Amino acid sequence: MKIKSLSGMCAALVALSACTQETFNYEAPNFTSADLTEGKAYTVSVNPETNEVTLQSLLGDQYVTSWVTPNGMAKGLSYTFSLPFSGTYEVTFGVDTRGGLVYGEPYSFTISNNNFSLLSDEIWTNLAGGVDENGNGNPKTWVPMNQKYGSYHGSAPVTYMSPNDVKNDGSGSTDIKIGTSNWSDNWDPGFQSWLIDSDDPYMDSEMTFYLDAQKGSVAEIKRVTADGTQEYTTTFNLNVSDPQRPLISMNSGEILHAAWGDGVCDNYSTEIKIIECTPYVFQFATMRTNSEGPWWIVWNFVSKELKEDPSILPSEGPELVEVASPKLPTYDNLLELLFTIEGDGVTYTTTSNTFLMNEEKPYDVMAWNGANGGSWDWINGYGSSWAPAYPSYDEFSLNLAKKYEDLDGDDIAESLYYLATVENSEGTSSSRFTLGENSIIFNEPLTFMKAGNQIIESNELTVIKVAPGDDEVILGVPDGYNEEGEVNRYLCLNLTIKPVGSGQEGPKNLAVNVDNINCWLDAGSGQIRIVLYQPASWGGGDPALDTDQLVLKKEQSLSVTFKLNNIDWKDDAEPRAFLGVNMEGYGSWSFDSPESVKINKGGETTVSITNTTPSKYSFFGNDCVQVAIEQDGLINGPFDEEGNIDAANIGYEIVSVIIQ
């Protein structure tokens, strides 16, 4: 990937006489372009692990220096930015002199690896579809706005905004921030025949953004005018170093706009202000530079999917524009939860609790998903090039302990304090800690994990989740911010709770009281039901299982193995069975459901379900545990006097009931 060379920046120069590398004088009033080379006037340093690029002037603070970078223009003696994709880039160094602004020749540098963690900000997904953990992109196509969409500003492809009052509320604010609530157009012309009519060829234009591990950030532009169609492909760079004021730069060519706008604004290529970017609407502002004077021209686009099906936009409410803001969980009893262990149906409150890394995913990035009320979701990038596997997860432990210290030397007056101890491949370190509303605050910073460029080293961990019943504890440090400056992404430790006695918790074999099993025929469905538990309100009587033990942690399974006797199956019969429960998310009470299995007519059959709910599940109320067996039209007997299967004479055996 290569940005175009800097052009059109010539300035009157006064020649610097007798200037060689050995006699170079930084006190001289002027420089030539040849003086401003990398290594002599400035340095470019690339961190190969993080893709962070640092530019540093060597001229001293008596000069005002400028930089032209893939992320746009910058001023100052130093400037640091990051690039997500590998490729070849250019940076150009400039100095203000008595003779004017002088730039050196562009300097090329190389980024060797992709760092997809830099793409985890939601604006990359909203604008260009984002990438998965393997770098595969999901192209996003934008088309000119053709009507009013909910509460978004604009009803056509272009609107106008005052540079002296960008909120159009009399406040006089000139600071444009991303987000519909942070700006407002002062004139929405709609469709005008002299501007852009509803049947203008421009309405057939579109631009597609996508991310590619080899090509980088790609833009495909298609502009349709009365004179024909112009199409080209370029690359772009998205600068989100200030998430409230993101900028987009095209590395060649221009971002899509109507033909009449060519003579209105000089710049459609560099550091263009993005003022709205959601899954539905993309809007950017360019400054008018013609004889009419400075004014913001706002170019409005909607996703191609939205134009084709406006119903995908929520029909009412503030969610038209804004998704739910990031919200951390709050805990009334955080201290108690951090010192709680659950196992074998018993809850322990300890004075010392140890947390281990989840073997399958010791760490990952957790990002805020603002849809449907909002939730913190794993990005699932662990094991990728930007989130490499953590090789020493089995050496990690985090211990939280309650301690007492002697205050006066006579063991009478003691003070309680809390101590955290981290053990990992880096060694052992400890610090006292206190608790915030949803955080653990350490007196000294601790190093918890280093894996490639992913580092968790802090004096505070945010508690994203602590659920002893699910054996799950998630602790994180901020890893990204939204346009409002709110943390919307955390780099997280994914921890489990070390079991009491240090042993691993194996399968739990539940005792079955065979005297309380009820076998009956559900005439309505034609199913044989072997009932292990159902509520008393259903006439279930005493359960065959201990309901206190009938608890599934998240992702745990309940399996029932049984045998059937005294059923005369037809020769071609292939009966099925499933485990009937009323758990949320369970497929359906049907032999066609994914949980259904074929019965082993001559031996043991196992039916099972898995807890896919977000947390621990306890069976109570209208829950039940029943083995449902298909028989209608599949048997030769036994039948009762009415010709129905005689459930009372069916032989069955419950071999095991296991939670694991």
# chains A, B, ... in the order shown; residues from 1 in each chain; ligands from 1

$ select_by_dssp --residues "segment 209-330 of chain A" --states "strand (DSSP E)" --output "PyMOL selection string"
chain A and resi 209-212+216-225+228-239+247-250+272-277+281-287+296-303

$ closest_atom_pairs --of "segment 258-292 of chain A" --to "segment 118-140 of chain A" --cutoff "9 Å" --atoms "only C-alpha atoms" --output "JSON lines"
{"residue": "A:Cys277", "atom": "CA", "partner": "A:Asn126", "partner_atom": "CA", "distance": 6.3}
{"residue": "A:Thr278", "atom": "CA", "partner": "A:Asn126", "partner_atom": "CA", "distance": 5.3}
{"residue": "A:Pro279", "atom": "CA", "partner": "A:Asn126", "partner_atom": "CA", "distance": 4.8}
{"residue": "A:Tyr280", "atom": "CA", "partner": "A:Asn126", "partner_atom": "CA", "distance": 8.0}
{"residue": "A:Val281", "atom": "CA", "partner": "A:Asn126", "partner_atom": "CA", "distance": 8.9}
{"residue": "A:Phe282", "atom": "CA", "partner": "A:Leu127", "partner_atom": "CA", "distance": 7.3}

$ residues_around --residues "Leu495 of chain A" --least-positions-apart "5" --cutoff "7 Å" --atoms "only C-alpha atoms" --output "JSON, numbers by chain"
{"A": [355, 356, 357, 358, 362, 472, 473, 474]}

$ write_last_selection --atoms "N, CA, C and O atoms" --output "PDB file, in the first residue's frame"
ATOM      1  N   PHE A 355      -7.621 -17.494  41.138  1.00  0.00           N
ATOM      2  CA  PHE A 355      -8.194 -17.515  39.796  1.00  0.00           C
ATOM      3  C   PHE A 355      -7.128 -17.989  38.809  1.00  0.00           C
ATOM      4  O   PHE A 355      -5.974 -17.553  38.864  1.00  0.00           O
ATOM      5  N   LEU A 356      -7.546 -18.879  37.908  1.00  0.00           N
ATOM      6  CA  LEU A 356      -6.669 -19.421  36.883  1.00  0.00           C
ATOM      7  C   LEU A 356      -7.149 -18.967  35.517  1.00  0.00           C
ATOM      8  O   LEU A 356      -8.294 -18.540  35.366  1.00  0.00           O
ATOM      9  N   MET A 357      -6.287 -19.094  34.517  1.00  0.00           N
ATOM     10  CA  MET A 357      -6.687 -18.711  33.169  1.00  0.00           C
ATOM     11  C   MET A 357      -7.539 -19.798  32.529  1.00  0.00           C
ATOM     12  O   MET A 357      -7.276 -20.992  32.692  1.00  0.00           O
ATOM     13  N   ASN A 358      -8.561 -19.365  31.789  1.00  0.00           N
ATOM     14  CA  ASN A 358      -9.337 -20.288  30.977  1.00  0.00           C
ATOM     15  C   ASN A 358      -8.409 -20.871  29.906  1.00  0.00           C
ATOM     16  O   ASN A 358      -7.790 -20.140  29.147  1.00  0.00           O
ATOM     17  N   PRO A 362      -7.430 -17.765  27.269  1.00  0.00           N
ATOM     18  CA  PRO A 362      -6.928 -17.078  28.466  1.00  0.00           C
ATOM     19  C   PRO A 362      -7.203 -15.579  28.471  1.00  0.00           C
ATOM     20  O   PRO A 362      -7.370 -14.982  29.523  1.00  0.00           O
ATOM     21  N   GLU A 472     -16.762 -18.277  36.186  1.00  0.00           N
ATOM     22  CA  GLU A 472     -16.315 -17.321  35.173  1.00  0.00           C
ATOM     23  C   GLU A 472     -16.055 -15.965  35.815  1.00  0.00           C
ATOM     24  O   GLU A 472     -16.918 -15.395  36.483  1.00  0.00           O
ATOM     25  N   VAL A 473     -14.845 -15.463  35.600  1.00  0.00           N
ATOM     26  CA  VAL A 473     -14.460 -14.133  36.075  1.00  0.00           C
ATOM     27  C   VAL A 473     -13.722 -13.448  34.929  1.00  0.00           C
ATOM     28  O   VAL A 473     -12.771 -14.005  34.371  1.00  0.00           O
ATOM     29  N   ILE A 474     -14.169 -12.239  34.549  1.00  0.00           N
ATOM     30  CA  ILE A 474     -13.574 -11.495  33.445  1.00  0.00           C
ATOM     31  C   ILE A 474     -13.121 -10.137  33.966  1.00  0.00           C
ATOM     32  O   ILE A 474     -13.932  -9.348  34.456  1.00  0.00           O
TER      33      ILE A 474
END

$ closest_residue --among "A:Ile275, A:Ile567, A:Ile248, A:Leu238" --to "Asp646 of chain A" --atoms "only C-alpha atoms"
A:Ile567

$ residues_around --residues "Pro478 of chain A" --least-positions-apart "6" --cutoff "8 Å" --atoms "only C-alpha atoms" --output "ChimeraX atom specification"
/A:487-491

$ closest_residue --among "A:Phe562, A:Tyr160, A:Phe236, A:Tyr481" --to "Glu254 of chain A" --atoms "only C-alpha atoms"
A:Phe236

$ closest_residue --among "A:Asn51, A:Gln454, A:Asn494, A:Thr208" --to "Lys361 of chain A" --atoms "only C-alpha atoms"
A:Asn494

$ closest_residue --among "A:Thr428, A:Asn146, A:Thr32, A:Thr65" --to "Gly99 of chain A" --atoms "only C-alpha atoms"
A:Thr32

$ closest_residue --among "A:Gly469, A:Gly541, A:Gly100, A:Pro157" --to "Ser618 of chain A" --atoms "only C-alpha atoms"
A:Gly469

$ residues_around --residues "segment 456-464 of chain A" --least-positions-apart "6" --cutoff "6 Å" --atoms "only C-alpha atoms" --output "list of chain:residue names"
A:Asn438, A:Ser439, A:Ile440, A:Ile441, A:Phe442, A:Glu444, A:Pro445, A:Leu446, A:Thr447, A:Phe448, A:Met449, A:Ile474, A:Leu475, A:Gly476, A:Val477

$ write_last_selection --atoms "N, CA, C and O atoms" --output "mmCIF file, in the first residue's frame"
data_model
loop_
_atom_site.group_PDB
_atom_site.id
_atom_site.type_symbol
_atom_site.label_atom_id
_atom_site.label_comp_id
_atom_site.auth_asym_id
_atom_site.auth_seq_id
_atom_site.Cartn_x
_atom_site.Cartn_y
_atom_site.Cartn_z
ATOM 1 N N ASN A 438 -17.069 -1.217 40.481
ATOM 2 C CA ASN A 438 -16.928 -2.374 39.592
ATOM 3 C C ASN A 438 -15.465 -2.535 39.180
ATOM 4 O O ASN A 438 -15.171 -2.827 38.024
ATOM 5 N N SER A 439 -14.574 -2.377 40.132
ATOM 6 C CA SER A 439 -13.152 -2.473 39.802
ATOM 7 C C SER A 439 -12.348 -2.929 41.012
ATOM 8 O O SER A 439 -12.780 -2.814 42.163
ATOM 9 N N ILE A 440 -11.163 -3.472 40.719
ATOM 10 C CA ILE A 440 -10.170 -3.819 41.732
ATOM 11 C C ILE A 440 -9.027 -2.832 41.566
ATOM 12 O O ILE A 440 -8.418 -2.745 40.487
ATOM 13 N N ILE A 441 -8.720 -2.088 42.606
ATOM 14 C CA ILE A 441 -7.734 -1.012 42.532
ATOM 15 C C ILE A 441 -6.530 -1.410 43.379
ATOM 16 O O ILE A 441 -6.648 -1.611 44.590
ATOM 17 N N PHE A 442 -5.366 -1.521 42.739
ATOM 18 C CA PHE A 442 -4.151 -1.978 43.400
ATOM 19 C C PHE A 442 -3.294 -0.782 43.815
ATOM 20 O O PHE A 442 -3.235 0.227 43.106
ATOM 21 N N GLU A 444 -0.106 -0.791 43.885
ATOM 22 C CA GLU A 444 1.011 -0.772 42.954
ATOM 23 C C GLU A 444 0.578 -1.434 41.646
ATOM 24 O O GLU A 444 -0.182 -2.401 41.659
ATOM 25 N N PRO A 445 1.060 -0.955 40.507
ATOM 26 C CA PRO A 445 0.704 -1.613 39.241
ATOM 27 C C PRO A 445 1.278 -3.025 39.185
ATOM 28 O O PRO A 445 2.407 -3.269 39.624
ATOM 29 N N LEU A 446 0.502 -3.933 38.636
ATOM 30 C CA LEU A 446 0.911 -5.331 38.506
ATOM 31 C C LEU A 446 0.904 -5.724 37.035
ATOM 32 O O LEU A 446 0.081 -5.244 36.258
ATOM 33 N N THR A 447 1.823 -6.620 36.675
ATOM 34 C CA THR A 447 1.853 -7.171 35.320
ATOM 35 C C THR A 447 1.154 -8.517 35.337
ATOM 36 O O THR A 447 1.603 -9.453 36.002
ATOM 37 N N PHE A 448 0.053 -8.612 34.612
ATOM 38 C CA PHE A 448 -0.744 -9.830 34.619
ATOM 39 C C PHE A 448 -0.437 -10.719 33.417
ATOM 40 O O PHE A 448 -0.415 -11.947 33.539
ATOM 41 N N MET A 449 -0.170 -10.114 32.258
ATOM 42 C CA MET A 449 -0.003 -10.920 31.055
ATOM 43 C C MET A 449 0.711 -10.123 29.982
ATOM 44 O O MET A 449 0.482 -8.923 29.825
ATOM 45 N N ILE A 474 -14.169 -12.239 34.549
ATOM 46 C CA ILE A 474 -13.574 -11.495 33.445
ATOM 47 C C ILE A 474 -13.121 -10.137 33.966
ATOM 48 O O ILE A 474 -13.932 -9.348 34.456
ATOM 49 N N LEU A 475 -11.817 -9.870 33.873
ATOM 50 C CA LEU A 475 -11.221 -8.634 34.364
ATOM 51 C C LEU A 475 -10.480 -7.968 33.217
ATOM 52 O O LEU A 475 -9.724 -8.635 32.491
ATOM 53 N N GLY A 476 -10.662 -6.657 33.034
ATOM 54 C CA GLY A 476 -10.074 -6.014 31.869
ATOM 55 C C GLY A 476 -9.500 -4.638 32.122
ATOM 56 O O GLY A 476 -9.744 -4.013 33.168
ATOM 57 N N VAL A 477 -8.747 -4.169 31.128
ATOM 58 C CA VAL A 477 -8.226 -2.804 31.106
ATOM 59 C C VAL A 477 -8.731 -2.126 29.832
ATOM 60 O O VAL A 477 -8.945 -2.792 28.814
#

$ residues_around --residues "Leu337 of chain A" --least-positions-apart "6" --cutoff "9 Å" --atoms "only C-alpha atoms" --output "list in words"
Tyr331, Thr349, Val466, Ala467 and Pro468 of chain A

$ closest_residue --among "A:Glu437, A:Glu486, A:Asp175, A:Asp266" --to "Asp332 of chain A" --atoms "only C-alpha atoms"
A:Glu437

$ residues_around --residues "Lys327 of chain A" --least-positions-apart "6" --cutoff "9 Å" --atoms "only C-alpha atoms" --output "PyMOL selection string"
chain A and resi 368+374-376+488

$ write_last_selection --atoms "C-alpha atoms" --output "tab-separated table (two decimals), in the first residue's frame"
chain	number	residue	atom	x	y	z
A	368	TRP	CA	-19.53	-3.19	23.64
A	374	GLY	CA	-26.33	-3.54	24.84
A	375	SER	CA	-23.97	-6.28	25.93
A	376	TRP	CA	-20.24	-6.92	26.31
A	488	ASN	CA	-16.19	0.67	24.60
